[in-house]
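Dumped my_file02.tsv below, it's TSV, C-alpha atoms:
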chain	number	residue	atom	x	y	z
X	1440	MET	CA	-3.33	-10.05	-24.41
X	1441	GLU	CA	-3.19	-6.58	-25.89
X	1442	ARG	CA	-6.24	-4.51	-25.02
X	1443	LYS	CA	-7.74	-2.35	-27.72
X	1444	THR	CA	-8.76	0.24	-25.14
X	1445	LYS	CA	-6.16	2.64	-23.73
X	1446	VAL	CA	-6.51	4.60	-20.52
X	1447	ILE	CA	-4.31	7.60	-19.82
X	1448	ALA	CA	-4.46	9.07	-16.32
X	1449	GLY	CA	-1.58	11.48	-15.81
X	1450	GLU	CA	-0.35	11.90	-12.29
X	1451	GLY	CA	-1.75	14.90	-10.45
X	1452	SER	CA	-4.31	15.47	-13.20
X	1453	GLN	CA	-8.08	15.84	-12.87
X	1454	GLU	CA	-8.71	13.95	-16.09
X	1455	ILE	CA	-8.87	10.47	-17.51
X	1456	TRP	CA	-8.49	9.87	-21.24
X	1457	ILE	CA	-9.98	6.71	-22.68
X	1458	THR	CA	-9.31	5.91	-26.30
X	1459	ARG	CA	-10.40	3.02	-28.45
X	1460	GLU	CA	-10.29	2.00	-32.09
X	1461	PHE	CA	-13.26	0.08	-33.44
X	1462	ASP	CA	-13.64	-2.23	-36.42
X	1463	LEU	CA	-16.77	-0.27	-37.25
X	1464	PRO	CA	-17.61	2.53	-39.67
X	1465	LEU	CA	-17.94	5.87	-37.89
X	1466	ASN	CA	-21.74	6.08	-38.30
X	1467	LEU	CA	-22.26	2.69	-36.60
X	1468	LEU	CA	-20.00	3.66	-33.70
X	1469	PHE	CA	-21.95	6.87	-33.21
X	1470	LYS	CA	-25.29	5.04	-33.51
X	1471	ALA	CA	-24.26	2.85	-30.55
X	1472	TYR	CA	-24.32	6.04	-28.45
X	1473	ALA	CA	-27.42	7.59	-29.96
X	1474	GLU	CA	-29.97	4.75	-30.03
X	1475	PRO	CA	-31.39	3.95	-26.57
X	1476	GLY	CA	-32.05	0.31	-27.46
X	1477	ILE	CA	-28.42	-0.21	-28.47
X	1478	VAL	CA	-27.02	1.71	-25.47
X	1479	GLU	CA	-29.02	-0.65	-23.24
X	1480	GLN	CA	-27.41	-3.68	-24.83
X	1481	TRP	CA	-23.75	-2.75	-24.49
X	1482	MET	CA	-23.97	-0.72	-21.28
X	1483	GLY	CA	-26.08	-3.42	-19.61
X	1484	THR	CA	-28.41	-0.79	-18.19
X	1485	LYS	CA	-31.95	0.41	-18.80
X	1486	VAL	CA	-32.23	3.76	-20.59
X	1487	LEU	CA	-35.05	5.72	-18.97
X	1488	LYS	CA	-34.40	8.84	-20.99
X	1489	LEU	CA	-32.06	9.87	-23.81
X	1490	GLU	CA	-32.67	13.27	-25.39
X	1491	ASN	CA	-30.01	13.65	-28.06
X	1492	ARG	CA	-29.92	17.43	-28.36
X	1493	ARG	CA	-28.39	20.50	-26.80
X	1494	HIS	CA	-29.72	20.87	-23.22
X	1495	GLY	CA	-31.31	17.44	-23.45
X	1496	GLY	CA	-31.09	15.01	-20.56
X	1497	TYR	CA	-30.50	11.32	-20.08
X	1498	GLN	CA	-31.03	8.80	-17.31
X	1499	PHE	CA	-29.83	5.21	-16.92
X	1500	GLU	CA	-30.95	2.65	-14.37
X	1501	THR	CA	-29.65	-0.82	-13.54
X	1502	SER	CA	-31.48	-3.39	-11.42
X	1503	ASP	CA	-30.27	-6.64	-9.90
X	1504	ALA	CA	-31.85	-10.07	-10.47
X	1505	GLN	CA	-34.40	-9.34	-7.72
X	1506	GLY	CA	-35.49	-6.12	-9.40
X	1507	ASN	CA	-33.84	-3.78	-6.89
X	1508	VAL	CA	-32.34	-0.67	-8.43
X	1509	VAL	CA	-28.59	-0.87	-7.82
X	1510	PHE	CA	-27.41	1.97	-10.00
X	1511	ARG	CA	-28.92	5.11	-11.43
X	1512	ALA	CA	-27.12	7.83	-13.32
X	1513	ASN	CA	-28.17	10.95	-15.18
X	1514	GLY	CA	-26.72	13.89	-17.00
X	1515	THR	CA	-27.27	16.80	-19.32
X	1516	ILE	CA	-26.23	16.82	-22.94
X	1517	HIS	CA	-24.46	20.03	-23.95
X	1518	GLU	CA	-23.42	19.20	-27.48
X	1519	PHE	CA	-24.79	16.55	-29.79
X	1520	ASP	CA	-23.08	16.65	-33.15
X	1521	PRO	CA	-23.84	13.40	-35.08
X	1522	ASP	CA	-20.74	11.40	-36.11
X	1523	ARG	CA	-18.52	14.02	-34.46
X	1524	LYS	CA	-19.03	14.65	-30.79
X	1525	ILE	CA	-21.10	14.44	-27.63
X	1526	THR	CA	-20.41	16.68	-24.64
X	1527	ARG	CA	-22.30	15.77	-21.50
X	1528	THR	CA	-22.27	15.67	-17.73
X	1529	PHE	CA	-22.53	12.42	-15.79
X	1530	GLU	CA	-23.75	12.00	-12.25
X	1531	MET	CA	-24.28	8.83	-10.24
X	1532	GLU	CA	-27.38	9.20	-8.11
X	1533	ASN	CA	-27.33	8.43	-4.38
X	1534	THR	CA	-23.55	8.53	-4.17
X	1535	PRO	CA	-21.27	11.17	-2.67
X	1536	PHE	CA	-19.54	11.60	-6.05
X	1537	PRO	CA	-20.06	14.99	-7.68
X	1538	VAL	CA	-20.94	15.41	-11.33
X	1539	GLN	CA	-18.23	14.85	-13.95
X	1540	LEU	CA	-17.81	16.31	-17.41
X	1541	GLU	CA	-17.39	14.07	-20.46
X	1542	PHE	CA	-16.12	15.00	-23.91
X	1543	LEU	CA	-16.65	12.26	-26.49
X	1544	GLU	CA	-15.03	12.67	-29.89
X	1545	PHE	CA	-15.76	10.26	-32.72
X	1546	GLU	CA	-13.45	10.08	-35.71
X	1547	LYS	CA	-13.23	8.16	-38.94
X	1548	ILE	CA	-9.98	6.24	-39.50
X	1549	THR	CA	-10.94	4.33	-42.67
X	1550	GLU	CA	-14.31	3.45	-44.26
X	1551	GLU	CA	-14.51	0.44	-41.94
X	1552	THR	CA	-12.72	1.66	-38.81
X	1553	SER	CA	-13.24	4.50	-36.36
X	1554	ARG	CA	-11.94	5.88	-33.10
X	1555	LEU	CA	-13.52	7.19	-29.92
X	1556	ASN	CA	-11.62	9.59	-27.68
X	1557	MET	CA	-13.26	10.17	-24.34
X	1558	GLN	CA	-12.01	12.81	-21.93
X	1559	ILE	CA	-13.51	12.76	-18.44
X	1560	VAL	CA	-12.91	15.73	-16.15
X	1561	TYR	CA	-13.42	15.35	-12.38
X	1562	LYS	CA	-13.93	17.95	-9.66
X	1563	SER	CA	-10.53	17.30	-8.07
X	1564	VAL	CA	-7.39	15.22	-8.46
X	1565	ALA	CA	-8.31	13.18	-5.37
X	1566	LEU	CA	-11.70	12.40	-6.83
X	1567	ARG	CA	-10.17	11.40	-10.15
X	1568	ASP	CA	-7.89	8.97	-8.33
X	1569	GLN	CA	-10.83	7.60	-6.37
X	1570	MET	CA	-12.88	6.98	-9.53
X	1571	LEU	CA	-9.93	5.28	-11.17
X	1572	ARG	CA	-9.70	2.86	-8.25
X	1573	LEU	CA	-13.44	2.31	-7.94
X	1574	PRO	CA	-13.64	-0.77	-10.21
X	1575	PHE	CA	-10.62	-2.17	-8.35
X	1576	ALA	CA	-12.42	-1.68	-5.02
X	1577	GLN	CA	-15.68	-3.03	-6.46
X	1578	GLY	CA	-13.82	-6.10	-7.72
X	1579	ILE	CA	-12.62	-6.77	-4.20
X	1580	ASN	CA	-16.13	-6.23	-2.83
X	1581	MET	CA	-17.62	-8.57	-5.41
X	1582	ALA	CA	-15.09	-11.25	-4.50
X	1583	HIS	CA	-16.10	-10.80	-0.87
X	1584	ASN	CA	-19.78	-11.00	-1.73
X	1585	ARG	CA	-19.30	-14.17	-3.75
X	1586	LEU	CA	-17.41	-15.64	-0.83
X	1587	GLN	CA	-20.26	-14.62	1.47
X	1588	GLU	CA	-22.79	-16.32	-0.85
X	1589	VAL	CA	-20.76	-19.51	-0.80
X	1590	VAL	CA	-20.48	-19.37	2.99
X	1591	ASN	CA	-24.23	-18.74	3.32
X	1592	LYS	CA	-24.98	-21.86	1.26
X	1593	LEU	CA	-22.82	-23.90	3.60
X	1594	LYS	CA	-24.87	-22.86	6.62
U	871	MET	CA	-0.41	2.81	17.42
U	872	ASN	CA	1.24	2.50	14.05
U	873	LEU	CA	-1.12	3.44	11.24
U	874	ARG	CA	-1.35	0.91	8.47
U	875	ARG	CA	0.38	2.32	5.44
U	876	ASP	CA	-1.22	2.50	2.06
U	877	VAL	CA	0.97	1.64	-0.97
U	878	PHE	CA	-0.59	4.45	-2.95
U	879	GLN	CA	0.23	6.90	-0.19
U	880	ALA	CA	3.76	5.54	-0.23
U	881	ILE	CA	4.31	6.19	-3.93
U	882	ALA	CA	2.55	9.58	-3.84
U	883	ASP	CA	5.78	11.17	-2.55
U	884	PRO	CA	8.37	12.11	-5.22
U	885	THR	CA	11.38	11.35	-2.95
U	886	ARG	CA	10.02	7.89	-2.22
U	887	ARG	CA	9.50	7.24	-5.92
U	888	ALA	CA	13.10	8.33	-6.55
U	889	ILE	CA	14.28	5.92	-3.82
U	890	LEU	CA	12.34	3.08	-5.45
U	891	LEU	CA	13.89	3.79	-8.84
U	892	LEU	CA	17.33	3.86	-7.29
U	893	VAL	CA	16.93	0.62	-5.36
U	894	ALA	CA	15.27	-1.08	-8.35
U	895	SER	CA	18.59	-0.86	-10.22
U	896	HIS	CA	20.47	-2.60	-7.40
U	897	SER	CA	20.17	-3.21	-3.65
U	898	MET	CA	21.70	-0.51	-1.46
U	899	THR	CA	22.39	0.42	2.13
U	900	ALA	CA	20.54	3.32	3.77
U	901	GLY	CA	23.75	5.37	3.64
U	902	ALA	CA	24.22	4.79	-0.08
U	903	ILE	CA	20.60	5.74	-0.73
U	904	ALA	CA	20.85	8.89	1.41
U	905	SER	CA	23.98	10.01	-0.45
U	906	HIS	CA	21.86	10.49	-3.57
U	907	PHE	CA	19.62	13.04	-1.89
U	908	GLU	CA	20.09	16.50	-0.46
U	909	THR	CA	17.49	15.70	2.20
U	910	ALA	CA	18.66	15.10	5.77
U	911	ARG	CA	19.55	11.50	6.61
U	912	PRO	CA	16.70	11.06	9.19
U	913	THR	CA	14.19	12.14	6.51
U	914	VAL	CA	15.52	9.49	4.16
U	915	SER	CA	15.33	6.95	7.01
U	916	LYS	CA	11.69	7.87	7.52
U	917	HIS	CA	10.99	7.33	3.81
U	918	LEU	CA	12.75	3.96	3.94
U	919	GLN	CA	10.66	3.00	6.94
U	920	ILE	CA	7.42	3.81	5.11
U	921	LEU	CA	8.52	1.96	1.97
U	922	THR	CA	9.48	-1.05	4.10
U	923	GLU	CA	6.18	-1.01	6.01
U	924	CYS	CA	4.20	-1.32	2.82
U	925	GLU	CA	6.60	-3.97	1.51
U	926	LEU	CA	7.82	-2.00	-1.47
U	927	LEU	CA	11.31	-2.45	-0.05
U	928	GLU	CA	12.70	-5.43	1.82
U	929	PRO	CA	15.53	-4.85	4.30
U	930	GLU	CA	18.20	-7.50	4.72
U	931	GLN	CA	20.74	-7.48	7.53
U	932	ASN	CA	24.21	-8.15	6.15
U	933	GLY	CA	26.79	-7.93	8.94
U	934	ARG	CA	26.56	-4.39	10.30
U	935	GLU	CA	24.79	-3.06	7.26
U	936	ILE	CA	21.16	-3.24	6.20
U	937	TYR	CA	20.64	-3.63	2.49
U	938	TYR	CA	17.36	-2.58	0.93
U	939	HIS	CA	15.97	-4.71	-1.88
U	940	PHE	CA	13.24	-3.79	-4.29
U	941	ASN	CA	10.06	-5.90	-4.18
U	942	PRO	CA	8.79	-6.21	-7.78
U	943	LYS	CA	5.69	-8.16	-6.69
U	944	LYS	CA	4.35	-5.20	-4.75
U	945	ILE	CA	4.98	-2.82	-7.65
U	946	LYS	CA	3.00	-5.13	-9.88
U	947	GLU	CA	0.08	-4.78	-7.47
U	948	ILE	CA	0.15	-1.03	-8.07
U	949	ALA	CA	0.29	-1.45	-11.83
U	950	ASP	CA	-2.66	-3.83	-11.52
U	951	PHE	CA	-4.92	-1.39	-9.70
U	952	ILE	CA	-5.74	0.45	-12.92
U	953	GLU	CA	-6.38	-2.87	-14.68
U	954	PRO	CA	-10.01	-3.33	-13.45
U	955	PHE	CA	-10.86	0.20	-14.66
U	956	LEU	CA	-9.34	-0.58	-18.06
U	957	LYS	CA	-11.05	-3.97	-18.20
U	958	LEU	CA	-14.44	-2.42	-17.42
U	959	TRP	CA	-14.18	-0.09	-20.43
U	960	ASP	CA	-12.53	-2.65	-22.68
U	961	ASP	CA	-15.30	-5.19	-21.98
U	962	ARG	CA	-17.94	-2.54	-22.60
U	963	PHE	CA	-16.40	-1.46	-25.91
U	964	ASN	CA	-15.87	-5.09	-27.02
U	965	LYS	CA	-19.57	-5.62	-26.48
U	966	LEU	CA	-20.45	-2.44	-28.38
U	967	GLU	CA	-18.26	-3.59	-31.27
U	968	ALA	CA	-19.77	-7.08	-31.33
U	969	ILE	CA	-23.34	-5.71	-31.30
U	970	MET	CA	-22.71	-3.15	-34.03
U	971	LYS	CA	-20.94	-5.67	-36.28
U	972	LYS	CA	-24.26	-7.50	-36.47
U	973	TYR	CA	-26.25	-4.33	-37.02
U	974	PRO	CA	-27.99	-4.26	-40.41
U	975	ARG	CA	-26.33	-1.80	-42.79

Here is the file; what I need is its structure written in the form of structure tokens.
Amino acid sequence: MERKTKVIAGEGSQEIWITREFDLPLNLLFKAYAEPGIVEQWMGTKVLKLENRRHGGYQFETSDAQGNVVFRANGTIHEFDPDRKITRTFEMENTPFPVQLEFLEFEKITEETSRLNMQIVYKSVALRDQMLRLPFAQGINMAHNRLQEVVNKLK
Amino acid sequence: MNLRRDVFQAIADPTRRAILLLVASHSMTAGAIASHFETARPTVSKHLQILTECELLEPEQNGREIYYHFNPKKIKEIADFIEPFLKLWDDRFNKLEAIMKKYPR
């Protein structure tokens, strides 16, 4: 299956480029980033704060089924240019990972299609590589946890 | 104690990547591999050892010679490591697209 999303992570680089074409008009694609209620739906996280303006801040929080906070992230918005771009920082709270810089560029392809180019810049090459492998590592952890749950039920 | 080798560490070295490309075309002896590099023979041997330890190469004794074969399965593992990252974003964006398609215009 061909994925619509492309990830470019050049070797020895501090960046990751993520690009995606959407079957959506540009304004609807941008709205998905600007409206807290919509962000919550597709990101699967609670939006505690989203100030869409220069020097505004945002904060996301995700809880597990028991209501424990498992993830919290925040950042500062540097540029907010509707239907064009968002420049912001992103920081995961309570993790050793330093802040990263994100450049989001929204472009119109046709009246009904649009593209998002996202450039993420990390503090170092090593950190970039680590972040790239994080979902891979988390996948392994989740498999272990599921296994643990199954084993616990057997007890 | 022999430290467990990491595949990513193994392919981080440009000489080792060149060796992999070489052996991927056809199986070769250590001598044949070394002849492609200016590096000293023991250095190439060390690289071969590391690549063998993480199963990127498979040595096969053939009479007096050891032939090194390329292990495509292990290389696929490396290609796959970026897959969960890609899937995470692709799933997210698929969801965004599905939600916005239903959004009243």

Chain U residues near chain X (9 Å cut-off, only C-alpha atoms) as a PyMOL selection string: chain U and resi 950-960+962-967+969-971+973+975

Distance query Ala894 (chain U) at most 10 Å, all atoms listed in the file, self and fewer than 5 positions along chain excluded, as a ChimeraX atom specification: /U:888-889,927,938-942

Test item: residues at most 9 Å from Arg1567 (chain X), all atoms listed in the file, excluding those fewer than 5 positions along its chain, as a list of chain:residue names: X:Ala1448, X:Ser1452, X:Gln1453, X:Glu1454, X:Ile1455, X:Val1560, X:Tyr1561, X:Lys1562, X:Arg1572

List as a tab-separated table (two decimals) with C-alpha atoms, keeping the file's coordinate frame the protein and nucleic acid residues near Leu921 (chain U), meaning an atom at most 12 Å away when all atoms listed in the file are counted, but skip any in the same chain fewer than 6 places from it.
chain	number	residue	atom	x	y	z
U	874	ARG	CA	-1.35	0.91	8.47
U	875	ARG	CA	0.38	2.32	5.44
U	876	ASP	CA	-1.22	2.50	2.06
U	877	VAL	CA	0.97	1.64	-0.97
U	878	PHE	CA	-0.59	4.45	-2.95
U	879	GLN	CA	0.23	6.90	-0.19
U	880	ALA	CA	3.76	5.54	-0.23
U	881	ILE	CA	4.31	6.19	-3.93
U	882	ALA	CA	2.55	9.58	-3.84
U	883	ASP	CA	5.78	11.17	-2.55
U	885	THR	CA	11.38	11.35	-2.95
U	886	ARG	CA	10.02	7.89	-2.22
U	887	ARG	CA	9.50	7.24	-5.92
U	888	ALA	CA	13.10	8.33	-6.55
U	889	ILE	CA	14.28	5.92	-3.82
U	890	LEU	CA	12.34	3.08	-5.45
U	893	VAL	CA	16.93	0.62	-5.36
U	914	VAL	CA	15.52	9.49	4.16
U	915	SER	CA	15.33	6.95	7.01
U	927	LEU	CA	11.31	-2.45	-0.05
U	928	GLU	CA	12.70	-5.43	1.82
U	929	PRO	CA	15.53	-4.85	4.30
U	938	TYR	CA	17.36	-2.58	0.93
U	939	HIS	CA	15.97	-4.71	-1.88
U	940	PHE	CA	13.24	-3.79	-4.29
U	941	ASN	CA	10.06	-5.90	-4.18
U	944	LYS	CA	4.35	-5.20	-4.75
U	945	ILE	CA	4.98	-2.82	-7.65

CA of Lys916 (chain U) to CA of Glu930 (chain U), distance in Å rounded to a single decimal: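 Straight-line distance from CA of Lys916 (chain U) to CA of Glu930 (chain U) works out to 16.9 Å.
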
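One distance worth recording is that between CA of Asp1522 (chain X) and CA of Arg1492 (chain X), which is 13.4 Å.
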
Coordinates-based distance that separates CA of Pro974 (chain U) from CA of Ser1553 (chain X) (Å, one decimal): 17.6 Å

Region 1543-1546 of chain X environment, 8 Å, all atoms listed in the file, sequence neighbours closer than 3 positions dropped, as a ChimeraX atom specification: /X:1465,1468-1469,1522-1526,1553-1558

Test item: residues at most 8 Å from Tyr937 (chain U), only C-alpha atoms, excluding those fewer than 2 positions along its chain, as a ChimeraX atom specification: /U:897-900,929-932,935,939

Residue with smallest distance to Met1531 (chain X) - pool X:Glu1551, X:Glu1490, X:Glu1500, X:Glu1474, counting all atoms listed in the file: X:Glu1500

Taking the block above, write region 891-904 of chain U with N, CA and C atoms as a CSV table (one decimal), in the first residue's frame.
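Generated output (result35.csv):
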chain,number,residue,atom,x,y,z
U,891,LEU,N,27.3,-2.9,0.1
U,891,LEU,CA,26.9,-2.7,-1.3
U,891,LEU,C,27.6,-3.7,-2.2
U,892,LEU,N,28.9,-3.8,-1.9
U,892,LEU,CA,29.7,-4.7,-2.7
U,892,LEU,C,29.3,-6.2,-2.6
U,893,VAL,N,29.0,-6.6,-1.4
U,893,VAL,CA,28.7,-8.0,-1.2
U,893,VAL,C,27.2,-8.3,-1.6
U,894,ALA,N,26.4,-7.2,-1.6
U,894,ALA,CA,25.0,-7.4,-2.1
U,894,ALA,C,25.0,-7.8,-3.6
U,895,SER,N,26.0,-7.3,-4.3
U,895,SER,CA,26.0,-7.7,-5.8
U,895,SER,C,26.3,-9.2,-6.0
U,896,HIS,N,27.3,-9.6,-5.3
U,896,HIS,CA,27.6,-11.1,-5.2
U,896,HIS,C,28.5,-11.4,-4.1
U,897,SER,N,28.4,-12.7,-3.6
U,897,SER,CA,29.2,-13.1,-2.4
U,897,SER,C,30.7,-13.1,-2.8
U,898,MET,N,31.5,-12.7,-1.7
U,898,MET,CA,32.9,-12.6,-2.0
U,898,MET,C,33.7,-13.1,-0.8
U,899,THR,N,35.0,-13.3,-1.0
U,899,THR,CA,35.9,-13.7,0.1
U,899,THR,C,36.4,-12.4,0.7
U,900,ALA,N,37.0,-12.6,1.9
U,900,ALA,CA,37.5,-11.4,2.6
U,900,ALA,C,38.6,-10.7,1.8
U,901,GLY,N,39.4,-11.5,1.1
U,901,GLY,CA,40.5,-11.0,0.3
U,901,GLY,C,39.9,-10.1,-0.9
U,902,ALA,N,38.9,-10.7,-1.5
U,902,ALA,CA,38.3,-9.9,-2.7
U,902,ALA,C,37.7,-8.6,-2.2
U,903,ILE,N,37.0,-8.7,-1.0
U,903,ILE,CA,36.4,-7.5,-0.5
U,903,ILE,C,37.5,-6.4,-0.2
U,904,ALA,N,38.6,-6.9,0.5
U,904,ALA,CA,39.7,-6.0,0.9
U,904,ALA,C,40.3,-5.3,-0.3
